[in-house]
Structures are given as C-alpha cells and as structure tokens.
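A.B. asks: I am attaching a structure below and will ask some questions about it afterwards.
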Amino acid sequence: MKPGKQDYVIPRRPLILMAVSMLFTVPPLFGNLVWWVPSAFLGSLLVRFLMERRGARLRSQILKIALMAAGVGGIALSYHALIGPEPGLSICLVLIAVKVLEAHTARDFHILALLGWFFCLATVLISQSLASAVFSGIAFTIVLSAVLLFYRRSVARRAFLSPLCDAAVLILQALPLVLVLFFLFPRGTGGLRLILNRSFSGRTGMSDSLSPGSISSLIFSNEVAFRVEFPKGGMPAPSGLYWRGAVFARCGGLNWSPEKTDAIWWNPEPLSGKPVHQRIVLEPHGNRWIFALDRPVEAPHGSRLTHGNVLLANQPLFSTFQYEVTSLPNNGSGALPPLERKLCLQIPKTVSPAIRALAQSFTRDSVDPRAAVAKGLQFFQKGKFRYSLAPGEYGEDGLDDFLFRRRAGFCEHYAAAFATLMRAAGIPSRVVVGYQGGEFNRLGKYLVVRQSYAHAWCEVWLPGSGWERVDPTSVIVPERVNMGFDTYLEMREAAGAGLDIGGLSRLGLALRRPGLLHDLQLAWETLGYEWDTQVAGFDEEAQRTFFFQIGFLNSGPAVLLGWLILVGAAVIGAQSLASWWKVRPVQDPLVLLYERFCRRAAVLGAKREPWEGPLQFAERAARLIPAQEERIRRIAGLYTGLRYSATPDGGGATGLLREIRLFCRSGKL
C-alpha cells in the first residue's frame with residue numbers, strides 16, 4: 001500500500017453504521033415500490049457486509065455497468081416507464097445499491113452519507129405516519145453517528161456508543177430551532193408529499209364500482225381506514241355504525257357502478273332525528289371518498305355533498321384529512337324525482353326470467369312495497385344462504401348462480417342481489433358502500449374503523465319515508481352487524497363452526513383478540529392518532545387556530561415570517577452564547593490575585609516584566625519598595641507554594657489573600 005493511501009480508505013465501523021442506517025430507510029419503501037427493488041437493495045447491504053469481512057469490494061467496471069443496466073431494465077419492465085416518481089425512486093435505489101458495493105474511499109463515504117439523508121427525506125415525503133417518522137429519525141441519527149465516527153477514526157470498544165450519544169446531543173440542540181420552524185413557518189392547505197401510485201393500491205374498500213370480491217379481499221386487512229371522536233357524545237350502538245361512502249345506482253346484477261348522468265335534478269334528501277357530531281381523521285387512500293355516519297347533512301371544508309348524501313373531497317386524498325361533520329340518522333318524507341325513479345328502476349336485459357319471477361312473487365299477494373321488502377329479506381333468511389368470506393368466483397350468470405345454486409357470498413353479494421331483486425319488483429333501490437362497525441380504543445377514547453370493516457348494503461325508496469337502509473347481511477348473520485365483525489369471528493372460532501375463509505392470516509386474528517398484542521397495538525395506534533392530529537395535521541387552519549388561542553390575531557404569512565426571523569435569531573443567539581460560555585477560558589483565581597498584586601506594585605514603582613518569574617520579580621520589587629520588602633517576599637512564597645507545589649497548603653490561599661489586601665491598603669485598584 002502506498003504511503004498515505006490508508007487515510008482515504010473507509011474504516012470498517014463507520015461503513016457498518018452507514019449500512020445499518022440504510023436498513024431503516026427501506027421498510028417504508030415496501031408496498032410503495034415494486035417488491036424486488038427494496039429487496040435487491042437489502043441484498044446489496046448483506047453482500048457488502050460479507051465482502052467487508054474479507055476486505056473485498058466491487059472493482060470490475062463491466063460488472064458495475066451490467067448491474068446498473070439490469071436494474072434499470074427491470075424497472076422499465078416493472079413500471080413500463082422510466083419517468084415518474086416510482087421509477088425515479090427505484091432507479092436511485094438501484095444506483096445506491098451499486099454504490100454500496102463499490103464504496104472504498106472517503107469520497108464514496110461522503111456520497112453515501114448524503115444519499116442516506118436523502119432517503120430519510122424521501123421516506124418522510126412518501127408517508128407522514130408515525131412509523132415513517134420513527135424510521136427516518138433513527139436512520140438520520142445513525143448516519144450522523146457514522147459521519148462522526150468516520151472523522152474520529154476510533155478503534156475503542158465503545159466506538160459505536162460514543163458517536164451515537166454525540167449525534168443524539170446534536171439533534172437535541174437543534175430541537176428548539178425545529179420547534180420554532182414547526183410553529184412559525186407559514187403553512188399551506190395541502191401537505192408536501194411524494195405521491196406514489198402504488199401507495200394506495202388495494203388498501204381501501206372503496207372504488208368506483210362494486211363487484212364480487214371487491215370488499216371481501218380486504219376483510220382481513222388490519223390497516224386503519226379512519227378514526228372517529230364524538231366530541232358531543234351520542235356514539236351510536238354497533239348496529240348503527242354505518243359509515244356512508246359511495247352510492248351506486250347503475251345495476252349490473254352482481255356488479256354495480258355510479259350513474260354517469262348529470263345530477264342537476266338532484267336535491268338534498270330531507271333528514272331528521274338527533275344530530276350526531278363526528279370529528280374524523282381519514283387516512284390517505286388516493287381517491288376522493290370521505291366518510292360519515294348515515295347520513296351527513298353538510299359538507300366539511302374541502303369537500304362537497306353530492307347525490308345520495310355522499311361526501312366527496314375536492315381533491316384526491318394523498319395525505320391525512322381531518323374534518324368535522326354532522327349526521328342525521330332518520331329519513332324525512334319527500335318525493336322521488338321522476339328521473340331518479342327511472343334510473344333506480346333500471347335492470348340489465350341479462351337478468352334471467354327466473355330472477356324476474358322471483359322478484360314478482362314478492363308483490364303477488366300485496367302491492368305494498370314494505371311487504372315486498374320483508375318477503376325479499378325472508379327469502380334470504382329461509383333460503384339456506386351462507387355468509388362466506390371466500391365464496392369463490394362467479395361467472396357471467398353469477399346472479400343466478402348465487403341466488404339459486406351456490407347461495408354463498410359476502411356482503412357485496414347480498415347487497416347487489418337484493419337491490420337487483422327490488423328493482424325487478426318495481427321498488428327503486430341502490431347500493432351503498434362504506435364501512436360498518438368500529439373498535440373503541442379505550443386508551444385514546446376514539447373509535448377505530450379498519451379496512452376490514454368495509455361493507456355494502458342497500459337503500460330502497462318507500463312512499464312516505466323516502467330512502468331507507470336495508471341490510472340483507474343482517475338477516476344472514478345478525479351478529480356481524482349487531483356486535484361487530486371481530487366479535488363475529490371470535491364467536492365462530494370459539495364455537496368451532498369454521499370460518500370458511502380460505503387463506504386467512506392467523507396473525508391478523510391474533511392481533512384482534514384481547515391480550516398483550518392487542519393492547520400494544522392499541523397503544524401504538526393511540527400514539528399514531530396523536531401524531532396525525534397534532535403533528536402531521538398541523539396545517540394552515542390549525543396554525544391559525546393555535547395563534548388565535550395564544551393571542552395573536554394576525555397570523556398572515558408576512559407576520560409569521562417576521563416572527564420566524566426574530567425568534568429563530570434569538571434561539572440561535574442563545575445557543576451560541578451557551579456554547580461560548582461552556583468553552584470560555586476560565587482563569588485561575590490565584591493568577592487573578594497575583595495580577596492584582598503586580599498592578600499595585602507597578603503603581604508603587606516596580607513594574608513586572610513579562611519574562612520575570614514570581615521569585616525574580618519579588619527580589620527586584622523588594623529592592624524598589626523597601627517598606628514592603630517582607631510582605632513582598634511572603635506573597636511570592638505563598639503564591640509559588642500554592643501554584644507550583646505538589647501538595648499545596650490548604651490554608652495558604654487565605655493567607656495570600658490577606659497579605660495582598662494589606663499590600664494594596666494604600667488605595668483601591
């Protein structure tokens with residue numbers, strides 16, 4: 001090895017810390033990028049660790065180019081493009097993986113540190129959840145520790161712990177300025193987020209249509225859809241927790257979709273009953289659906305109330321959305337517009353004669369629509385239908401297959417089939433999709449609605465009462481609606497009746513049962529809820545409310561920037577002063593006493609030269625000031641004894657102070 005080359009090689013320990021930091025940037029990328037990209041990155045970290053034990057690294061330029069070409073080619077095949085947030089982030093990850101394998105010099109280490117901090121920022125932009133914040137914070141701290149360790153070149157046993165502690169201290173010192181920026185930096189109405197298309201795919205029970213399997217595919221998802229508080233009390237019973245999301249009026253048998261016609265004819269439906277006020281924190285899902293109890297009567301800020309008392313956000317939701325909404329549970333009397341009646345009676349021509357005959361049998365004995373609805377529910381209740389979480393696929397004649405042969409399905413099967421039968425019987429109907437139920441978090445005092453609570457039900461229009469909710473699932477499995485889906489699963493499993501669930505995740509069920517795991521999950525969700533509402537949800541409106549509460553009535557951008565500059569300068573100045581005070585030079589008290597003696601001697605005619613020692617100066621000063629000769633010699637003896645003796649006299653300092661005071665009694669300096 002050439003002289004000086006070792007100075008440019010990355011020591012092993014900083015490189016290990018850098019690799020560990022990158023491990024914490026990878027988890028948030030799973031689910032947001034195609035699976036093999038973060039997996040390949042993890043593989044590169046493992047390979048580098050094995051190579052480091054042997055002192056090897058990737059040297060071949062041809063192999064580097066081949067790896068990068070393979071990675072970029074795989075990304076192009078996976079995304080069918082190389083331009084966009086997801087392909088771009090994936091390419092960055094592939095290039096970093098190659099850089100990790102070839103890193104060797106100090107310059108490479110600096111690049112890795114910058115890339116590590118870049119991915120900390122990317123993680124925050126991808127998701128503002130508490131988990132992402134924790135991962136990013138840990139990764140940022142470890143990268144900073146690796147940089148500190150790199151410059152120290154320590155080989156001690158505690159080489160990892162010391163830079164970690166110092167990095168934590170540096171972050172704590174920066175925390176006051178971070179808080180100033182958090183509260184005073186002008187906010188916008190929308191969050192700053194890197195929008196990835198895969199971030200929300202398959203994570204919500206809501207879509208633009210209803211088809212068999214669209215809801216049951218998410219029934220074991222433990223992800224949170226939204227959280228609800230009832231600030232004025234009045235939380236409904238489990239059987240009344242119907243969270244309205246979308247209304248589908250175009251009938252296709254088991255497949256339903258929204259009506260595409262212009263809804264100029266639509267008027268808000270009359271409602272009544274005791275209002276229920278809700279404060280909801282909705283997780284991002286990439287669509288515009290927002291939810292409220294049946295039925296919302298007003299649109300929160302940033303949304304609008306549309307046909308069927310459905311709430312839609314003005315923009316797709318790519319960040320946490322907080323809103324307050326009021327619902328009225330009861331219908332009011334009103335007339336059904338002719339155009340809406342026509343739309344809500346249409347059925348596809350493919351509906352078989354057998355289905356039409358079944359629907360007509362509901363009105364054979366009575367033309368009362370309520371009696372027809374009751375007979376329709378009775379058909380499902382006594383027809384040996386089975387509530388199945390994995391009923392299998394239904395083909396082109398799926399409705400006939402479901403009603404007359406297999407008779408097994410999930411909530412979307414029953415809602416779609418019942419609504420079609422009602423239309424065939426001459427009763428206007430539609431399908432509503434949303435969520436049903438909720439889990440009360442006793443720690444945070446709020447209701448958690450998970451993706452697994454996705455549900456579909458029907459609404460039929462009855463003269464004198466308007467649109468009324470009819471849930472055919474409730475006659476098949478009443479406990480599913482009355483006690484909640486989790487309780488239903490527990491009852492079925494405890495009874496040994498079997499769940500008919502296909503590939504159910506047992507871990508998902510374990511997290512729902514009461515116990516330590518469930519309590520830990522509730523505690524983590526409570527922390528996440530506070531993070532979403534108090535930190536991630538601190539937008540322009542929340543900032544304005546905060547300043548109003550502390551007495552600042554004017555909180556415009558210019559005012560905030562002014563306060564930001566003033567308070568930020570004060571914080572930086574205070575920290576700088578504290579740092580200077582900590583490292584300021586502190587002079588020995590003995591030296592200060594001796595300098596006082598020297599200044600008085602100079603006034604009396606004996607000025608001390610810079611090169612003179614205490615004893616030499618005492619000899620000369622005694623000759624120049626004969627009246628103080630003895631005291632000058634005693635002062636010199638006491639000072640040298642205290643200053644230079646291996647075992648100084650504890651009482652000598654008091655004597656020195658007394659002698660110097662007597663020497664200076666002729667005048668105060």
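So you can find residues: chains in the structure tokens are A, B, ... in the order shown, residues in each start at 1, and ligands are numbered from 1 in order.
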Leaving out region 418-430 of chain A and any residue of its chain fewer than 2 positions from it, which residues lie within 6 Å of it when counting only C-alpha atoms, given as a list in words?
C.D. replies: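 Returned residues: Phe248, Ala249, Cys344, Leu345, Arg356, Ala359, Gln360, Tyr414, Ala415, Ala416, Cys458, Glu459, Val460 and Trp461 of chain A.
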A.B. asks: Store the residues picked out above in a file with N, CA, C and O atoms, as a CSV table (one decimal), in the first residue's frame.
C.D. replies:
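Generated output (result.csv):
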chain,number,residue,atom,x,y,z
A,248,PHE,N,-74.1,3.6,-5.5
A,248,PHE,CA,-74.1,3.0,-6.8
A,248,PHE,C,-75.5,2.8,-7.3
A,248,PHE,O,-76.3,2.1,-6.6
A,249,ALA,N,-75.9,3.4,-8.5
A,249,ALA,CA,-77.2,3.3,-9.0
A,249,ALA,C,-77.3,2.6,-10.3
A,249,ALA,O,-78.4,2.3,-10.7
A,344,CYS,N,-83.4,4.5,-10.9
A,344,CYS,CA,-83.3,3.5,-9.8
A,344,CYS,C,-84.2,2.3,-10.0
A,344,CYS,O,-84.4,1.5,-9.1
A,345,LEU,N,-84.8,2.2,-11.2
A,345,LEU,CA,-85.6,1.0,-11.5
A,345,LEU,C,-85.1,0.2,-12.7
A,345,LEU,O,-85.6,-0.8,-13.0
A,356,ARG,N,-86.6,-12.6,-12.5
A,356,ARG,CA,-87.8,-11.7,-12.6
A,356,ARG,C,-89.0,-12.4,-11.9
A,356,ARG,O,-89.8,-11.7,-11.2
A,359,ALA,N,-88.7,-12.0,-8.2
A,359,ALA,CA,-89.0,-10.7,-7.7
A,359,ALA,C,-90.5,-10.4,-7.7
A,359,ALA,O,-91.0,-9.8,-6.8
A,360,GLN,N,-91.2,-10.9,-8.8
A,360,GLN,CA,-92.6,-10.6,-8.9
A,360,GLN,C,-93.4,-11.4,-7.8
A,360,GLN,O,-94.5,-11.0,-7.4
A,414,TYR,N,-74.8,-10.1,-1.3
A,414,TYR,CA,-76.2,-9.9,-0.8
A,414,TYR,C,-76.8,-8.5,-1.1
A,414,TYR,O,-77.9,-8.4,-1.5
A,415,ALA,N,-75.9,-7.5,-1.0
A,415,ALA,CA,-76.4,-6.1,-1.3
A,415,ALA,C,-76.8,-6.0,-2.7
A,415,ALA,O,-77.8,-5.5,-3.1
A,416,ALA,N,-75.9,-6.5,-3.6
A,416,ALA,CA,-76.1,-6.3,-5.1
A,416,ALA,C,-77.3,-7.2,-5.5
A,416,ALA,O,-78.2,-6.7,-6.3
A,458,CYS,N,-78.0,-1.9,1.1
A,458,CYS,CA,-79.0,-1.4,0.2
A,458,CYS,C,-79.8,-0.2,0.8
A,458,CYS,O,-79.9,-0.1,2.0
A,459,GLU,N,-80.3,0.5,-0.1
A,459,GLU,CA,-81.3,1.5,0.2
A,459,GLU,C,-82.5,1.4,-0.8
A,459,GLU,O,-82.3,1.3,-2.0
A,460,VAL,N,-83.7,1.4,-0.3
A,460,VAL,CA,-84.9,1.3,-1.1
A,460,VAL,C,-85.8,2.5,-0.8
A,460,VAL,O,-85.8,3.0,0.3
A,461,TRP,N,-86.5,3.0,-1.8
A,461,TRP,CA,-87.3,4.1,-1.6
A,461,TRP,C,-88.7,3.7,-1.4
A,461,TRP,O,-89.4,3.0,-2.2
A.B. asks: Return the single residue from A:Ala456, A:Val169, A:Met51, A:Leu184 that is closest to Gly562 (chain A), with distances computed using only C-alpha atoms.
C.D. replies: A:Leu184
A.B. asks: Skipping near chain neighbours, those fewer than 5 positions away, what residues fall within 10 Å of Pro300 (chain A) using only C-alpha atoms, listed as a PyMOL selection string?
C.D. replies: chain A and resi 290+305+311-313+322-326
A.B. asks: Would you mind exporting N, CA, C and O atoms of the selected residues as a compact mmCIF listing (two decimals), in the first residue's frame?
C.D. replies:
# COMPACT_ATOMS: atom_id res chain seq x y z
N ILE A 290 -64.84 10.49 1.21
CA ILE A 290 -64.73 10.73 2.64
C ILE A 290 -66.00 10.21 3.30
O ILE A 290 -67.05 10.11 2.67
N LEU A 305 -71.15 17.90 -0.88
CA LEU A 305 -72.20 16.90 -0.68
C LEU A 305 -72.86 16.64 -2.03
O LEU A 305 -73.37 17.55 -2.68
N LEU A 311 -70.32 12.30 0.46
CA LEU A 311 -69.32 13.34 0.60
C LEU A 311 -68.12 13.01 -0.29
O LEU A 311 -67.60 11.89 -0.25
N LEU A 312 -67.69 13.99 -1.06
CA LEU A 312 -66.51 13.84 -1.92
C LEU A 312 -65.56 14.99 -1.65
O LEU A 312 -65.96 16.16 -1.59
N ALA A 313 -64.28 14.67 -1.47
CA ALA A 313 -63.27 15.71 -1.30
C ALA A 313 -63.05 16.42 -2.63
O ALA A 313 -63.25 15.85 -3.70
N GLN A 322 -58.42 15.73 8.02
CA GLN A 322 -59.19 15.90 9.24
C GLN A 322 -60.42 16.76 8.95
O GLN A 322 -60.30 17.80 8.28
N TYR A 323 -61.54 16.36 9.46
CA TYR A 323 -62.76 17.13 9.23
C TYR A 323 -63.77 16.82 10.31
O TYR A 323 -63.67 15.82 11.04
N GLU A 324 -64.75 17.70 10.42
CA GLU A 324 -65.87 17.52 11.33
C GLU A 324 -67.16 17.53 10.52
O GLU A 324 -67.30 18.30 9.57
N VAL A 325 -68.09 16.67 10.89
CA VAL A 325 -69.30 16.50 10.11
C VAL A 325 -70.44 16.15 11.06
O VAL A 325 -70.23 15.55 12.11
N THR A 326 -71.64 16.53 10.67
CA THR A 326 -72.84 16.23 11.44
C THR A 326 -73.77 15.36 10.61
O THR A 326 -73.96 15.63 9.40
A.B. asks: What is the CA of Tyr435 (chain A) to CA of Trp531 (chain A) distance in Å?
C.D. replies: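 If I compute the distance from CA of Tyr435 (chain A) to CA of Trp531 (chain A), I get 23.9 Å.
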A.B. asks: Please provide the set of residues having any atom within 9 Å of region 398-405 of chain A, restricted to only C-alpha atoms, with same-chain residues fewer than 6 positions apart removed, written as a list in words.
C.D. replies: Gly253, Leu254, Val351, Ser352, Ala354, Ile355, Phe380, Gly383, Phe385, His413, Ala416 and Ala417 of chain A
A.B. asks: Would you save the residues from that selection as a PDB file, in the first residue's frame, using N, CA, C and O atoms?
C.D. replies:
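File produced: selection36.pdb:
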ATOM      1  N   GLY A 253     -76.549  -6.577 -12.105  1.00  0.00           N
ATOM      2  CA  GLY A 253     -76.635  -7.862 -11.417  1.00  0.00           C
ATOM      3  C   GLY A 253     -75.818  -7.835 -10.149  1.00  0.00           C
ATOM      4  O   GLY A 253     -76.151  -7.149  -9.190  1.00  0.00           O
ATOM      5  N   LEU A 254     -74.704  -8.577 -10.164  1.00  0.00           N
ATOM      6  CA  LEU A 254     -73.789  -8.548  -9.028  1.00  0.00           C
ATOM      7  C   LEU A 254     -72.760  -7.425  -9.137  1.00  0.00           C
ATOM      8  O   LEU A 254     -71.972  -7.218  -8.217  1.00  0.00           O
ATOM      9  N   VAL A 351     -80.828 -10.009 -17.003  1.00  0.00           N
ATOM     10  CA  VAL A 351     -81.470 -10.624 -15.837  1.00  0.00           C
ATOM     11  C   VAL A 351     -82.401 -11.723 -16.329  1.00  0.00           C
ATOM     12  O   VAL A 351     -83.277 -11.500 -17.181  1.00  0.00           O
ATOM     13  N   SER A 352     -82.265 -12.906 -15.780  1.00  0.00           N
ATOM     14  CA  SER A 352     -82.976 -14.091 -16.268  1.00  0.00           C
ATOM     15  C   SER A 352     -84.450 -14.049 -15.891  1.00  0.00           C
ATOM     16  O   SER A 352     -84.851 -13.368 -14.932  1.00  0.00           O
ATOM     17  N   ALA A 354     -86.021 -16.350 -14.407  1.00  0.00           N
ATOM     18  CA  ALA A 354     -86.173 -16.910 -13.066  1.00  0.00           C
ATOM     19  C   ALA A 354     -86.032 -15.828 -12.000  1.00  0.00           C
ATOM     20  O   ALA A 354     -86.771 -15.814 -11.004  1.00  0.00           O
ATOM     21  N   ILE A 355     -85.116 -14.913 -12.187  1.00  0.00           N
ATOM     22  CA  ILE A 355     -84.933 -13.824 -11.224  1.00  0.00           C
ATOM     23  C   ILE A 355     -86.132 -12.886 -11.268  1.00  0.00           C
ATOM     24  O   ILE A 355     -86.633 -12.443 -10.227  1.00  0.00           O
ATOM     25  N   PHE A 380     -83.949 -14.548   1.754  1.00  0.00           N
ATOM     26  CA  PHE A 380     -82.561 -14.788   2.138  1.00  0.00           C
ATOM     27  C   PHE A 380     -82.460 -15.497   3.484  1.00  0.00           C
ATOM     28  O   PHE A 380     -81.599 -16.353   3.686  1.00  0.00           O
ATOM     29  N   GLY A 383     -83.698 -19.229   2.988  1.00  0.00           N
ATOM     30  CA  GLY A 383     -83.256 -19.922   1.783  1.00  0.00           C
ATOM     31  C   GLY A 383     -81.933 -20.643   1.925  1.00  0.00           C
ATOM     32  O   GLY A 383     -81.300 -20.969   0.914  1.00  0.00           O
ATOM     33  N   PHE A 385     -79.057 -19.575   2.800  1.00  0.00           N
ATOM     34  CA  PHE A 385     -77.901 -18.818   2.316  1.00  0.00           C
ATOM     35  C   PHE A 385     -76.807 -18.839   3.380  1.00  0.00           C
ATOM     36  O   PHE A 385     -77.081 -18.930   4.585  1.00  0.00           O
ATOM     37  N   HIS A 413     -72.251  -9.460  -2.258  1.00  0.00           N
ATOM     38  CA  HIS A 413     -73.147 -10.348  -2.987  1.00  0.00           C
ATOM     39  C   HIS A 413     -74.597 -10.130  -2.573  1.00  0.00           C
ATOM     40  O   HIS A 413     -75.489 -10.004  -3.420  1.00  0.00           O
ATOM     41  N   ALA A 416     -75.885  -6.464  -3.616  1.00  0.00           N
ATOM     42  CA  ALA A 416     -76.124  -6.346  -5.055  1.00  0.00           C
ATOM     43  C   ALA A 416     -77.325  -7.177  -5.484  1.00  0.00           C
ATOM     44  O   ALA A 416     -78.176  -6.716  -6.261  1.00  0.00           O
ATOM     45  N   ALA A 417     -77.425  -8.404  -4.974  1.00  0.00           N
ATOM     46  CA  ALA A 417     -78.537  -9.279  -5.358  1.00  0.00           C
ATOM     47  C   ALA A 417     -79.867  -8.726  -4.850  1.00  0.00           C
ATOM     48  O   ALA A 417     -80.878  -8.716  -5.581  1.00  0.00           O
TER      49      ALA A 417
END
A.B. asks: How far is it from CA of Val26 (chain A) to CA of Gly71 (chain A), in Å with one decimal?
C.D. replies: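 Separation of CA of Val26 (chain A) and CA of Gly71 (chain A): 16.9 Å.
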A.B. asks: Would you please work out which residue, of A:Ala81, A:Val433, A:Ile126, A:Val20, is nearest to Phe160 (chain A) when using only C-alpha atoms?
C.D. replies: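 The shortest atom-to-atom distance to Phe160 (chain A) comes from A:Val20.
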A.B. asks: What does the distance between CA of Gln534 (chain A) and CA of Leu179 (chain A) come to in Å, to one decimal place?
C.D. replies: 13.0 Å
